[in-house]
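Below is entry27.cif, which holds mmCIF, N, CA and C atoms.
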data_work
#
loop_
_atom_site.group_PDB
_atom_site.id
_atom_site.type_symbol
_atom_site.label_atom_id
_atom_site.label_comp_id
_atom_site.auth_asym_id
_atom_site.auth_seq_id
_atom_site.Cartn_x
_atom_site.Cartn_y
_atom_site.Cartn_z
ATOM 1 N N MET A 1450 -13.223 -8.404 6.249
ATOM 2 C CA MET A 1450 -11.894 -8.376 5.669
ATOM 3 C C MET A 1450 -11.852 -7.288 4.587
ATOM 4 N N MET A 1451 -10.781 -6.537 4.593
ATOM 5 C CA MET A 1451 -10.625 -5.453 3.620
ATOM 6 C C MET A 1451 -10.140 -6.013 2.286
ATOM 7 N N SER A 1452 -10.649 -5.448 1.203
ATOM 8 C CA SER A 1452 -10.160 -5.832 -0.121
ATOM 9 C C SER A 1452 -8.763 -5.249 -0.322
ATOM 10 N N LEU A 1453 -8.073 -5.758 -1.325
ATOM 11 C CA LEU A 1453 -6.742 -5.225 -1.630
ATOM 12 C C LEU A 1453 -6.819 -3.743 -1.976
ATOM 13 N N LYS A 1454 -7.869 -3.350 -2.696
ATOM 14 C CA LYS A 1454 -8.033 -1.938 -3.059
ATOM 15 C C LYS A 1454 -8.212 -1.085 -1.805
ATOM 16 N N ASP A 1455 -9.013 -1.579 -0.852
ATOM 17 C CA ASP A 1455 -9.196 -0.849 0.408
ATOM 18 C C ASP A 1455 -7.881 -0.743 1.171
ATOM 19 N N GLN A 1456 -7.119 -1.841 1.197
ATOM 20 C CA GLN A 1456 -5.822 -1.829 1.877
ATOM 21 C C GLN A 1456 -4.870 -0.838 1.209
ATOM 22 N N LEU A 1457 -4.895 -0.798 -0.124
ATOM 23 C CA LEU A 1457 -4.039 0.129 -0.859
ATOM 24 C C LEU A 1457 -4.433 1.575 -0.574
ATOM 25 N N ASP A 1458 -5.730 1.853 -0.555
ATOM 26 C CA ASP A 1458 -6.200 3.202 -0.231
ATOM 27 C C ASP A 1458 -5.756 3.612 1.170
ATOM 28 N N ASN A 1459 -5.881 2.702 2.126
ATOM 29 C CA ASN A 1459 -5.473 2.979 3.495
ATOM 30 C C ASN A 1459 -3.967 3.216 3.578
ATOM 31 N N CYS A 1460 -3.206 2.413 2.857
ATOM 32 C CA CYS A 1460 -1.755 2.561 2.840
ATOM 33 C C CYS A 1460 -1.358 3.926 2.278
ATOM 34 N N GLU A 1461 -2.019 4.352 1.206
ATOM 35 C CA GLU A 1461 -1.732 5.664 0.613
ATOM 36 C C GLU A 1461 -2.001 6.789 1.620
ATOM 37 N N TYR A 1462 -3.093 6.654 2.360
ATOM 38 C CA TYR A 1462 -3.440 7.651 3.374
ATOM 39 C C TYR A 1462 -2.364 7.704 4.463
ATOM 40 N N LEU A 1463 -1.966 6.534 4.960
ATOM 41 C CA LEU A 1463 -0.960 6.479 6.013
ATOM 42 C C LEU A 1463 0.405 6.947 5.509
ATOM 43 N N LEU A 1464 0.712 6.648 4.259
ATOM 44 C CA LEU A 1464 1.967 7.108 3.657
ATOM 45 C C LEU A 1464 2.005 8.630 3.606
ATOM 46 N N ALA A 1465 0.919 9.236 3.194
ATOM 47 C CA ALA A 1465 0.859 10.697 3.131
ATOM 48 C C ALA A 1465 1.035 11.308 4.521
ATOM 49 N N ASP A 1466 0.399 10.701 5.524
ATOM 50 C CA ASP A 1466 0.555 11.190 6.897
ATOM 51 C C ASP A 1466 2.005 11.083 7.359
ATOM 52 N N ALA A 1467 2.641 9.959 7.051
ATOM 53 C CA ALA A 1467 4.026 9.758 7.466
ATOM 54 C C ALA A 1467 4.947 10.768 6.785
ATOM 55 N N GLU A 1468 4.677 11.049 5.500
ATOM 56 C CA GLU A 1468 5.491 12.042 4.789
ATOM 57 C C GLU A 1468 5.324 13.416 5.409
ATOM 58 N N MET A 1469 4.089 13.780 5.732
ATOM 59 C CA MET A 1469 3.841 15.105 6.333
ATOM 60 C C MET A 1469 4.488 15.212 7.710
ATOM 61 N N ALA A 1470 4.550 14.094 8.435
ATOM 62 C CA ALA A 1470 5.145 14.097 9.769
ATOM 63 C C ALA A 1470 6.662 14.004 9.724
ATOM 64 N N GLY A 1471 7.211 13.685 8.544
ATOM 65 C CA GLY A 1471 8.661 13.561 8.428
ATOM 66 C C GLY A 1471 9.194 12.266 9.013
ATOM 67 N N ASP A 1472 8.340 11.252 9.143
ATOM 68 C CA ASP A 1472 8.742 9.953 9.687
ATOM 69 C C ASP A 1472 9.236 9.079 8.535
ATOM 70 N N TRP A 1473 10.507 9.200 8.221
ATOM 71 C CA TRP A 1473 11.048 8.569 7.023
ATOM 72 C C TRP A 1473 11.126 7.056 7.132
ATOM 73 N N ASN A 1474 11.236 6.528 8.352
ATOM 74 C CA ASN A 1474 11.191 5.073 8.509
ATOM 75 C C ASN A 1474 9.802 4.551 8.151
ATOM 76 N N ALA A 1475 8.771 5.246 8.606
ATOM 77 C CA ALA A 1475 7.406 4.849 8.273
ATOM 78 C C ALA A 1475 7.148 5.018 6.774
ATOM 79 N N VAL A 1476 7.683 6.076 6.185
ATOM 80 C CA VAL A 1476 7.526 6.295 4.738
ATOM 81 C C VAL A 1476 8.103 5.104 3.985
ATOM 82 N N ARG A 1477 9.292 4.681 4.362
ATOM 83 C CA ARG A 1477 9.931 3.539 3.708
ATOM 84 C C ARG A 1477 9.077 2.280 3.854
ATOM 85 N N ARG A 1478 8.602 2.038 5.079
ATOM 86 C CA ARG A 1478 7.784 0.839 5.307
ATOM 87 C C ARG A 1478 6.495 0.872 4.508
ATOM 88 N N PHE A 1479 5.812 2.028 4.465
ATOM 89 C CA PHE A 1479 4.559 2.122 3.720
ATOM 90 C C PHE A 1479 4.787 2.018 2.212
ATOM 91 N N LYS A 1480 5.902 2.526 1.735
ATOM 92 C CA LYS A 1480 6.206 2.376 0.305
ATOM 93 C C LYS A 1480 6.449 0.916 -0.048
ATOM 94 N N GLU A 1481 7.156 0.197 0.825
ATOM 95 C CA GLU A 1481 7.385 -1.231 0.597
ATOM 96 C C GLU A 1481 6.066 -1.993 0.638
ATOM 97 N N TYR A 1482 5.205 -1.670 1.601
ATOM 98 C CA TYR A 1482 3.903 -2.320 1.735
ATOM 99 C C TYR A 1482 3.031 -2.008 0.519
ATOM 100 N N ARG A 1483 3.057 -0.757 0.071
ATOM 101 C CA ARG A 1483 2.279 -0.359 -1.108
ATOM 102 C C ARG A 1483 2.718 -1.162 -2.331
ATOM 103 N N LEU A 1484 4.020 -1.349 -2.494
ATOM 104 C CA LEU A 1484 4.526 -2.122 -3.626
ATOM 105 C C LEU A 1484 4.022 -3.563 -3.571
ATOM 106 N N ARG A 1485 4.032 -4.167 -2.370
ATOM 107 C CA ARG A 1485 3.508 -5.535 -2.239
ATOM 108 C C ARG A 1485 2.031 -5.592 -2.600
ATOM 109 N N LEU A 1486 1.252 -4.612 -2.144
ATOM 110 C CA LEU A 1486 -0.183 -4.589 -2.450
ATOM 111 C C LEU A 1486 -0.432 -4.425 -3.942
ATOM 112 N N VAL A 1487 0.316 -3.548 -4.580
ATOM 113 C CA VAL A 1487 0.151 -3.329 -6.022
ATOM 114 C C VAL A 1487 0.480 -4.611 -6.780
ATOM 115 N N ARG A 1488 1.542 -5.284 -6.387
ATOM 116 C CA ARG A 1488 1.905 -6.539 -7.057
ATOM 117 C C ARG A 1488 0.813 -7.591 -6.876
ATOM 118 N N GLN A 1489 0.252 -7.691 -5.666
ATOM 119 C CA GLN A 1489 -0.829 -8.644 -5.421
ATOM 120 C C GLN A 1489 -2.044 -8.305 -6.274
ATOM 121 N N LEU A 1490 -2.376 -7.043 -6.343
ATOM 122 C CA LEU A 1490 -3.522 -6.603 -7.135
ATOM 123 C C LEU A 1490 -3.303 -6.918 -8.611
ATOM 124 N N CYS A 1491 -2.102 -6.698 -9.111
ATOM 125 C CA CYS A 1491 -1.788 -7.006 -10.508
ATOM 126 C C CYS A 1491 -1.898 -8.502 -10.782
ATOM 127 N N ARG A 1492 -1.410 -9.316 -9.844
ATOM 128 C CA ARG A 1492 -1.513 -10.769 -10.019
ATOM 129 C C ARG A 1492 -2.976 -11.208 -10.053
ATOM 130 N N GLN A 1493 -3.797 -10.630 -9.186
ATOM 131 C CA GLN A 1493 -5.227 -10.966 -9.168
ATOM 132 C C GLN A 1493 -5.880 -10.580 -10.494
ATOM 133 N N ARG A 1494 -5.592 -9.405 -10.951
ATOM 134 C CA ARG A 1494 -6.203 -8.935 -12.205
ATOM 135 C C ARG A 1494 -5.730 -9.770 -13.385
ATOM 136 N N ALA A 1495 -4.458 -10.140 -13.387
ATOM 137 C CA ALA A 1495 -3.923 -10.956 -14.473
ATOM 138 C C ALA A 1495 -4.560 -12.345 -14.477
ATOM 139 N N ALA A 1496 -4.896 -12.831 -13.271
ATOM 140 C CA ALA A 1496 -5.523 -14.139 -13.155
ATOM 141 C C ALA A 1496 -7.030 -14.070 -13.390
ATOM 142 N N GLY A 1497 -7.560 -12.859 -13.556
ATOM 143 C CA GLY A 1497 -8.987 -12.683 -13.801
ATOM 144 C C GLY A 1497 -9.833 -12.854 -12.556
ATOM 145 N N LEU A 1498 -9.233 -12.633 -11.382
ATOM 146 C CA LEU A 1498 -9.962 -12.840 -10.135
ATOM 147 C C LEU A 1498 -10.758 -11.622 -9.695
ATOM 148 N N CYS A 1499 -10.529 -10.486 -10.317
ATOM 149 C CA CYS A 1499 -11.302 -9.297 -9.952
ATOM 150 C C CYS A 1499 -11.623 -8.509 -11.212
ATOM 151 N N ALA A 1500 -12.635 -7.686 -11.104
ATOM 152 C CA ALA A 1500 -13.109 -6.919 -12.277
ATOM 153 C C ALA A 1500 -12.247 -5.712 -12.526
#

Since I need it in another form, could you write the structure as structure tokens?
Amino acid sequence: MMSLKDQLDNCEYLLADAEMAGDWNAVRRFKEYRLRLVRQLCRQRAAGLCA
């Protein structure tokens, strides 16, 4: 299972690819997904679940 940080890194990579390809629907989806991942990561850190 991938960590949230790994998922975020992968999302950033895919977002950059979508932007370069001009696939604006994919860009929107990856930005929304990135926001969800960042929020999850912040909640984990606030709860002291990760270093």

Spatial neighbours of range 1477-1492 of chain A, 6.5 Å, only N, CA and C atoms, chain gap at least 3 places, as a PyMOL selection string
chain A and resi 1457+1460+1464+1472-1474+1495-1497

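Atom C of Leu1453 in chain A sits 10.7 Å away from atom N of Arg1494 in chain A.
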
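CA of Gln1493 in chain A is positioned 14.3 Å from CA of Gln1456 in chain A.
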
I'd like to know which residues of chain A are alpha helix (DSSP H) (by DSSP, run on the backbone); could you write them as an NGL selection string?
:A and (1453-1470 or 1473-1496)

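We find atom N of Leu1463 in chain A and atom N of Ala1475 in chain A to be spaced 11.4 Å apart.
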
Using the structure just given, write a file holding N, CA, C and O atoms for range 1462-1474 of chain A, as an mmCIF file, in the first residue's frame.
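result.cif written:
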data_model
loop_
_atom_site.group_PDB
_atom_site.id
_atom_site.type_symbol
_atom_site.label_atom_id
_atom_site.label_comp_id
_atom_site.auth_asym_id
_atom_site.auth_seq_id
_atom_site.Cartn_x
_atom_site.Cartn_y
_atom_site.Cartn_z
ATOM 1 N N TYR A 1462 3.036 14.094 -10.318
ATOM 2 C CA TYR A 1462 3.624 13.649 -11.583
ATOM 3 C C TYR A 1462 2.549 13.558 -12.669
ATOM 4 O O TYR A 1462 2.718 14.068 -13.779
ATOM 5 N N LEU A 1463 1.423 12.927 -12.338
ATOM 6 C CA LEU A 1463 0.347 12.771 -13.308
ATOM 7 C C LEU A 1463 -0.285 14.116 -13.665
ATOM 8 O O LEU A 1463 -0.670 14.336 -14.817
ATOM 9 N N LEU A 1464 -0.368 15.010 -12.695
ATOM 10 C CA LEU A 1464 -0.895 16.355 -12.948
ATOM 11 C C LEU A 1464 -0.012 17.093 -13.945
ATOM 12 O O LEU A 1464 -0.509 17.709 -14.898
ATOM 13 N N ALA A 1465 1.283 17.013 -13.761
ATOM 14 C CA ALA A 1465 2.208 17.676 -14.681
ATOM 15 C C ALA A 1465 2.071 17.107 -16.092
ATOM 16 O O ALA A 1465 2.067 17.853 -17.076
ATOM 17 N N ASP A 1466 1.934 15.784 -16.192
ATOM 18 C CA ASP A 1466 1.743 15.160 -17.505
ATOM 19 C C ASP A 1466 0.452 15.641 -18.161
ATOM 20 O O ASP A 1466 0.428 15.924 -19.364
ATOM 21 N N ALA A 1467 -0.616 15.716 -17.377
ATOM 22 C CA ALA A 1467 -1.900 16.148 -17.920
ATOM 23 C C ALA A 1467 -1.827 17.599 -18.393
ATOM 24 O O ALA A 1467 -2.379 17.948 -19.441
ATOM 25 N N GLU A 1468 -1.118 18.441 -17.625
ATOM 26 C CA GLU A 1468 -0.965 19.842 -18.035
ATOM 27 C C GLU A 1468 -0.189 19.939 -19.334
ATOM 28 O O GLU A 1468 -0.553 20.710 -20.230
ATOM 29 N N MET A 1469 0.884 19.165 -19.449
ATOM 30 C CA MET A 1469 1.698 19.206 -20.679
ATOM 31 C C MET A 1469 0.906 18.694 -21.878
ATOM 32 O O MET A 1469 1.089 19.175 -22.997
ATOM 33 N N ALA A 1470 0.008 17.737 -21.642
ATOM 34 C CA ALA A 1470 -0.794 17.176 -22.727
ATOM 35 C C ALA A 1470 -1.995 18.046 -23.064
ATOM 36 O O ALA A 1470 -2.658 17.828 -24.079
ATOM 37 N N GLY A 1471 -2.292 19.025 -22.198
ATOM 38 C CA GLY A 1471 -3.441 19.891 -22.447
ATOM 39 C C GLY A 1471 -4.766 19.222 -22.130
ATOM 40 O O GLY A 1471 -5.813 19.639 -22.627
ATOM 41 N N ASP A 1472 -4.748 18.183 -21.296
ATOM 42 C CA ASP A 1472 -5.965 17.465 -20.912
ATOM 43 C C ASP A 1472 -6.556 18.143 -19.676
ATOM 44 O O ASP A 1472 -6.273 17.774 -18.538
ATOM 45 N N TRP A 1473 -7.372 19.150 -19.904
ATOM 46 C CA TRP A 1473 -7.843 19.996 -18.814
ATOM 47 C C TRP A 1473 -8.825 19.289 -17.895
ATOM 48 O O TRP A 1473 -8.923 19.635 -16.710
ATOM 49 N N ASN A 1474 -9.541 18.287 -18.408
ATOM 50 C CA ASN A 1474 -10.408 17.503 -17.527
ATOM 51 C C ASN A 1474 -9.563 16.705 -16.537
ATOM 52 O O ASN A 1474 -9.883 16.629 -15.351
#
